[in-house]
Amino acid sequence: MELSFIYEAKEQCLIIHLPKELDHHNCRNLRYETDLLLAENYINRILFDFSKTEFMDSSGIGILLNRYKQMERSGGRVGLYGAGPQVHRILTAAGIAKLVPSYNSKEAALVG
């Protein structure tokens, strides 16, 4: 089972490719790793890639909200793409869908 995250930088945008499951077991690593990346680089946008994610619990929602608030305070933005129907339902129920724009593809997210 894939538990690690893949990070990709495009200029001042950090793209986080999420694993199949986003839960309390791996969210601690995600929080720590993104804290380091954000501290060491000038990032004004974070994109979350949900294309492989099938499950997300409240820890995943907490990470998204935390990064949204962090980017908002610094004048940055957060977006996501690739969310399947189940993940999209979770994001909608949690209110994330109203805060964070969702795109159909990585290309659209990078333009948006």
# chains A, B, ... in the order shown; residues from 1 in each chain; ligands from 1
>>> closest_atom_pairs(of="stretch 13-67 of chain A", to="stretch 81-92 of chain A", cutoff="7 Å", atoms="only C-alpha atoms", output="tab-separated table")
residue	atom	partner	partner_atom	distance
A:Phe48	CA	A:Tyr81	CA	6.4
A:Asp49	CA	A:Tyr81	CA	5.3
A:Phe50	CA	A:Gly82	CA	4.8
A:Ser51	CA	A:Gly82	CA	4.1
A:Glu54	CA	A:Val87	CA	6.5
A:Phe55	CA	A:Val87	CA	6.7
A:Met56	CA	A:Val87	CA	6.8
>>> residues_around(residues="stretch 11-18 of chain A", least_positions_apart="5", cutoff="7 Å", atoms="only C-alpha atoms", output="list of chain:residue names")
A:Phe5, A:Ile6, A:Tyr42, A:Ile43, A:Asn44, A:Arg45, A:Ile46, A:Leu47, A:Phe48, A:Asp49, A:Phe50, A:Lys52, A:Thr53
>>> write_last_selection(atoms="C-alpha atoms", output="PDB file, in the first residue's frame")
ATOM      1  CA  PHE A   5       3.375  11.566  -0.854  1.00  0.00           C
ATOM      2  CA  ILE A   6       4.959  12.828  -4.028  1.00  0.00           C
ATOM      3  CA  TYR A  42       8.424  30.641  -1.637  1.00  0.00           C
ATOM      4  CA  ILE A  43       5.133  28.887  -2.342  1.00  0.00           C
ATOM      5  CA  ASN A  44       2.022  30.927  -3.044  1.00  0.00           C
ATOM      6  CA  ARG A  45      -0.169  28.098  -4.288  1.00  0.00           C
ATOM      7  CA  ILE A  46      -0.820  24.515  -3.266  1.00  0.00           C
ATOM      8  CA  LEU A  47      -2.597  21.999  -5.487  1.00  0.00           C
ATOM      9  CA  PHE A  48      -3.765  18.684  -4.080  1.00  0.00           C
ATOM     10  CA  ASP A  49      -3.930  15.808  -6.571  1.00  0.00           C
ATOM     11  CA  PHE A  50      -6.702  13.421  -5.501  1.00  0.00           C
ATOM     12  CA  LYS A  52      -5.393   8.162  -6.746  1.00  0.00           C
ATOM     13  CA  THR A  53      -7.256   8.827  -3.492  1.00  0.00           C
TER      14      THR A  53
END
>>> select_by_dssp(residues="chain A", states="strand (DSSP E or B)", output="PDB file with N, CA, C and O atoms, in the first residue's frame")
ATOM      1  N   ILE A   6       4.025  12.365  -3.011  1.00  0.00           N
ATOM      2  CA  ILE A   6       4.959  12.828  -4.028  1.00  0.00           C
ATOM      3  C   ILE A   6       4.725  14.322  -4.186  1.00  0.00           C
ATOM      4  O   ILE A   6       3.585  14.771  -4.349  1.00  0.00           O
ATOM      5  N   TYR A   7       5.812  15.075  -4.113  1.00  0.00           N
ATOM      6  CA  TYR A   7       5.731  16.528  -4.209  1.00  0.00           C
ATOM      7  C   TYR A   7       6.346  16.971  -5.523  1.00  0.00           C
ATOM      8  O   TYR A   7       7.383  16.471  -5.937  1.00  0.00           O
ATOM      9  N   GLU A   8       5.701  17.943  -6.137  1.00  0.00           N
ATOM     10  CA  GLU A   8       6.164  18.469  -7.417  1.00  0.00           C
ATOM     11  C   GLU A   8       6.087  19.993  -7.347  1.00  0.00           C
ATOM     12  O   GLU A   8       5.099  20.535  -6.855  1.00  0.00           O
ATOM     13  N   ALA A   9       7.112  20.648  -7.807  1.00  0.00           N
ATOM     14  CA  ALA A   9       7.119  22.118  -7.811  1.00  0.00           C
ATOM     15  C   ALA A   9       7.011  22.627  -9.237  1.00  0.00           C
ATOM     16  O   ALA A   9       7.702  22.149 -10.127  1.00  0.00           O
ATOM     17  N   LYS A  10       6.132  23.565  -9.443  1.00  0.00           N
ATOM     18  CA  LYS A  10       5.989  24.274 -10.710  1.00  0.00           C
ATOM     19  C   LYS A  10       6.040  25.756 -10.365  1.00  0.00           C
ATOM     20  O   LYS A  10       5.063  26.323  -9.888  1.00  0.00           O
ATOM     21  N   CYS A  13       4.296  27.077  -7.227  1.00  0.00           N
ATOM     22  CA  CYS A  13       3.174  26.193  -6.917  1.00  0.00           C
ATOM     23  C   CYS A  13       3.703  24.836  -6.443  1.00  0.00           C
ATOM     24  O   CYS A  13       4.570  24.248  -7.084  1.00  0.00           O
ATOM     25  N   LEU A  14       3.179  24.370  -5.336  1.00  0.00           N
ATOM     26  CA  LEU A  14       3.509  23.046  -4.815  1.00  0.00           C
ATOM     27  C   LEU A  14       2.346  22.118  -5.122  1.00  0.00           C
ATOM     28  O   LEU A  14       1.220  22.361  -4.694  1.00  0.00           O
ATOM     29  N   ILE A  15       2.627  21.060  -5.873  1.00  0.00           N
ATOM     30  CA  ILE A  15       1.613  20.052  -6.189  1.00  0.00           C
ATOM     31  C   ILE A  15       1.879  18.846  -5.299  1.00  0.00           C
ATOM     32  O   ILE A  15       2.994  18.328  -5.261  1.00  0.00           O
ATOM     33  N   ILE A  16       0.847  18.430  -4.582  1.00  0.00           N
ATOM     34  CA  ILE A  16       0.971  17.298  -3.674  1.00  0.00           C
ATOM     35  C   ILE A  16       0.127  16.158  -4.227  1.00  0.00           C
ATOM     36  O   ILE A  16      -1.104  16.244  -4.269  1.00  0.00           O
ATOM     37  N   HIS A  17       0.797  15.102  -4.667  1.00  0.00           N
ATOM     38  CA  HIS A  17       0.116  13.918  -5.183  1.00  0.00           C
ATOM     39  C   HIS A  17      -0.191  13.013  -3.996  1.00  0.00           C
ATOM     40  O   HIS A  17       0.728  12.509  -3.346  1.00  0.00           O
ATOM     41  N   GLU A  21      -5.033   6.278   0.261  1.00  0.00           N
ATOM     42  CA  GLU A  21      -5.729   6.590   1.507  1.00  0.00           C
ATOM     43  C   GLU A  21      -5.089   7.798   2.178  1.00  0.00           C
ATOM     44  O   GLU A  21      -3.872   7.851   2.327  1.00  0.00           O
ATOM     45  N   LEU A  22      -5.918   8.734   2.577  1.00  0.00           N
ATOM     46  CA  LEU A  22      -5.467   9.933   3.282  1.00  0.00           C
ATOM     47  C   LEU A  22      -6.120   9.895   4.659  1.00  0.00           C
ATOM     48  O   LEU A  22      -7.292  10.235   4.816  1.00  0.00           O
ATOM     49  N   ARG A  45       0.971  28.909  -3.858  1.00  0.00           N
ATOM     50  CA  ARG A  45      -0.169  28.098  -4.288  1.00  0.00           C
ATOM     51  C   ARG A  45       0.111  26.633  -4.005  1.00  0.00           C
ATOM     52  O   ARG A  45       1.215  26.148  -4.215  1.00  0.00           O
ATOM     53  N   ILE A  46      -0.901  25.952  -3.503  1.00  0.00           N
ATOM     54  CA  ILE A  46      -0.820  24.515  -3.266  1.00  0.00           C
ATOM     55  C   ILE A  46      -1.950  23.852  -4.045  1.00  0.00           C
ATOM     56  O   ILE A  46      -3.110  24.277  -3.955  1.00  0.00           O
ATOM     57  N   LEU A  47      -1.600  22.812  -4.793  1.00  0.00           N
ATOM     58  CA  LEU A  47      -2.597  21.999  -5.487  1.00  0.00           C
ATOM     59  C   LEU A  47      -2.528  20.579  -4.931  1.00  0.00           C
ATOM     60  O   LEU A  47      -1.454  19.995  -4.851  1.00  0.00           O
ATOM     61  N   PHE A  48      -3.670  20.054  -4.557  1.00  0.00           N
ATOM     62  CA  PHE A  48      -3.765  18.684  -4.080  1.00  0.00           C
ATOM     63  C   PHE A  48      -4.289  17.806  -5.204  1.00  0.00           C
ATOM     64  O   PHE A  48      -5.352  18.076  -5.763  1.00  0.00           O
ATOM     65  N   ASP A  49      -3.548  16.755  -5.530  1.00  0.00           N
ATOM     66  CA  ASP A  49      -3.930  15.808  -6.571  1.00  0.00           C
ATOM     67  C   ASP A  49      -4.604  14.610  -5.908  1.00  0.00           C
ATOM     68  O   ASP A  49      -3.951  13.795  -5.263  1.00  0.00           O
ATOM     69  N   PHE A  55      -9.981   7.051  -0.286  1.00  0.00           N
ATOM     70  CA  PHE A  55     -10.496   7.193   1.074  1.00  0.00           C
ATOM     71  C   PHE A  55      -9.828   8.382   1.756  1.00  0.00           C
ATOM     72  O   PHE A  55      -8.632   8.606   1.599  1.00  0.00           O
ATOM     73  N   MET A  56     -10.641   9.133   2.499  1.00  0.00           N
ATOM     74  CA  MET A  56     -10.106  10.259   3.273  1.00  0.00           C
ATOM     75  C   MET A  56     -10.927  10.370   4.548  1.00  0.00           C
ATOM     76  O   MET A  56     -12.163  10.321   4.498  1.00  0.00           O
ATOM     77  N   ARG A  77      -3.098  30.686  -2.545  1.00  0.00           N
ATOM     78  CA  ARG A  77      -4.328  29.963  -2.892  1.00  0.00           C
ATOM     79  C   ARG A  77      -4.103  28.458  -2.802  1.00  0.00           C
ATOM     80  O   ARG A  77      -2.983  27.977  -2.885  1.00  0.00           O
ATOM     81  N   VAL A  78      -5.220  27.754  -2.661  1.00  0.00           N
ATOM     82  CA  VAL A  78      -5.221  26.295  -2.644  1.00  0.00           C
ATOM     83  C   VAL A  78      -6.244  25.817  -3.652  1.00  0.00           C
ATOM     84  O   VAL A  78      -7.304  26.428  -3.811  1.00  0.00           O
ATOM     85  N   GLY A  79      -5.931  24.742  -4.344  1.00  0.00           N
ATOM     86  CA  GLY A  79      -6.860  24.122  -5.272  1.00  0.00           C
ATOM     87  C   GLY A  79      -6.686  22.619  -5.230  1.00  0.00           C
ATOM     88  O   GLY A  79      -5.753  22.102  -4.600  1.00  0.00           O
ATOM     89  N   LEU A  80      -7.581  21.921  -5.885  1.00  0.00           N
ATOM     90  CA  LEU A  80      -7.472  20.470  -5.952  1.00  0.00           C
ATOM     91  C   LEU A  80      -7.985  19.985  -7.295  1.00  0.00           C
ATOM     92  O   LEU A  80      -8.735  20.678  -7.975  1.00  0.00           O
ATOM     93  N   TYR A  81      -7.540  18.798  -7.655  1.00  0.00           N
ATOM     94  CA  TYR A  81      -8.032  18.179  -8.882  1.00  0.00           C
ATOM     95  C   TYR A  81      -8.012  16.668  -8.751  1.00  0.00           C
ATOM     96  O   TYR A  81      -7.377  16.120  -7.853  1.00  0.00           O
ATOM     97  N   SER A 102     -12.167  23.211  -7.262  1.00  0.00           N
ATOM     98  CA  SER A 102     -11.858  21.880  -7.760  1.00  0.00           C
ATOM     99  C   SER A 102     -11.793  21.917  -9.285  1.00  0.00           C
ATOM    100  O   SER A 102     -12.645  22.524  -9.930  1.00  0.00           O
ATOM    101  N   TYR A 103     -10.785  21.260  -9.832  1.00  0.00           N
ATOM    102  CA  TYR A 103     -10.569  21.249 -11.284  1.00  0.00           C
ATOM    103  C   TYR A 103     -10.617  19.816 -11.792  1.00  0.00           C
ATOM    104  O   TYR A 103     -10.378  18.870 -11.041  1.00  0.00           O
TER     105      TYR A 103
END
>>> select_by_dssp(residues="chain A", states="helix (DSSP H, G or I)", output="PyMOL selection string")
chain A and resi 24-40+58-73+85-93+96-99+106-111
>>> atom_distance(atom1="atom CA of A:Ala93", atom2="atom CA of A:Arg28")
22.7 Å
>>> closest_residue(among="A:Asp57, A:Asp35, A:Asp23, A:Glu40", to="A:Met71", atoms="only C-alpha atoms")
A:Asp35
>>> residues_around(residues="A:Gly62", least_positions_apart="2", cutoff="12 Å", atoms="only C-alpha atoms", output="ChimeraX atom specification")
/A:22-24,27-28,30-31,56-60,64-69,91,94-96
>>> write_last_selection(atoms="N, CA, C and O atoms", output="short mmCIF file (atom, residue, chain, number, x, y, z; two decimals), in the first residue's frame")
data_model
loop_
_atom_site.label_atom_id
_atom_site.label_comp_id
_atom_site.auth_asym_id
_atom_site.auth_seq_id
_atom_site.Cartn_x
_atom_site.Cartn_y
_atom_site.Cartn_z
N LEU A 22 -5.92 8.73 2.58
CA LEU A 22 -5.47 9.93 3.28
C LEU A 22 -6.12 9.90 4.66
O LEU A 22 -7.29 10.24 4.82
N ASP A 23 -5.37 9.41 5.65
CA ASP A 23 -5.94 9.22 6.98
C ASP A 23 -4.95 9.64 8.06
O ASP A 23 -3.88 10.15 7.76
N HIS A 24 -5.33 9.42 9.30
CA HIS A 24 -4.50 9.89 10.42
C HIS A 24 -3.11 9.26 10.42
O HIS A 24 -2.18 9.83 10.96
N CYS A 27 -1.29 11.48 7.56
CA CYS A 27 -1.44 12.94 7.58
C CYS A 27 -0.38 13.61 8.44
O CYS A 27 -0.01 14.75 8.18
N ARG A 28 0.11 12.92 9.45
CA ARG A 28 1.18 13.49 10.27
C ARG A 28 2.41 13.76 9.40
O ARG A 28 3.03 14.80 9.50
N LEU A 30 2.40 14.15 6.11
CA LEU A 30 2.05 15.20 5.16
C LEU A 30 2.20 16.58 5.79
O LEU A 30 2.77 17.49 5.20
N ARG A 31 1.71 16.73 7.00
CA ARG A 31 1.81 18.01 7.70
C ARG A 31 3.27 18.40 7.92
O ARG A 31 3.69 19.52 7.62
N MET A 56 -10.64 9.13 2.50
CA MET A 56 -10.11 10.26 3.27
C MET A 56 -10.93 10.37 4.55
O MET A 56 -12.16 10.32 4.50
N ASP A 57 -10.24 10.53 5.68
CA ASP A 57 -10.96 10.72 6.94
C ASP A 57 -10.83 12.17 7.41
O ASP A 57 -10.35 13.04 6.67
N SER A 58 -11.22 12.42 8.63
CA SER A 58 -11.22 13.80 9.15
C SER A 58 -9.81 14.39 9.22
O SER A 58 -9.65 15.61 9.16
N SER A 59 -8.79 13.56 9.33
CA SER A 59 -7.42 14.07 9.34
C SER A 59 -7.07 14.70 8.00
O SER A 59 -6.39 15.73 7.94
N GLY A 60 -7.53 14.09 6.92
CA GLY A 60 -7.32 14.66 5.59
C GLY A 60 -8.04 15.98 5.43
O GLY A 60 -7.51 16.94 4.87
N LEU A 64 -6.35 19.79 4.71
CA LEU A 64 -6.81 20.72 3.67
C LEU A 64 -7.21 22.07 4.27
O LEU A 64 -6.83 23.12 3.73
N LEU A 65 -7.96 22.04 5.36
CA LEU A 65 -8.36 23.29 6.01
C LEU A 65 -7.16 24.07 6.53
O LEU A 65 -7.09 25.29 6.38
N ASN A 66 -6.22 23.36 7.13
CA ASN A 66 -5.02 24.00 7.66
C ASN A 66 -4.24 24.68 6.55
O ASN A 66 -3.81 25.83 6.69
N ARG A 67 -4.01 24.00 5.45
CA ARG A 67 -3.25 24.58 4.34
C ARG A 67 -4.04 25.70 3.66
O ARG A 67 -3.45 26.69 3.23
N TYR A 68 -5.35 25.57 3.60
CA TYR A 68 -6.18 26.64 3.06
C TYR A 68 -6.01 27.91 3.89
O TYR A 68 -5.76 29.00 3.37
N LYS A 69 -6.12 27.79 5.21
CA LYS A 69 -5.98 28.94 6.10
C LYS A 69 -4.57 29.53 6.03
O LYS A 69 -4.40 30.75 6.03
N LEU A 91 -15.59 15.93 0.54
CA LEU A 91 -15.19 17.34 0.48
C LEU A 91 -16.40 18.26 0.56
O LEU A 91 -16.37 19.31 1.21
N ALA A 94 -17.92 18.22 4.11
CA ALA A 94 -17.06 18.93 5.06
C ALA A 94 -17.01 20.44 4.81
O ALA A 94 -16.43 21.17 5.59
N GLY A 95 -17.59 20.88 3.71
CA GLY A 95 -17.58 22.31 3.39
C GLY A 95 -16.33 22.75 2.64
O GLY A 95 -16.19 23.94 2.32
N ILE A 96 -15.44 21.83 2.34
CA ILE A 96 -14.21 22.16 1.61
C ILE A 96 -14.52 22.62 0.19
O ILE A 96 -13.87 23.51 -0.34
#
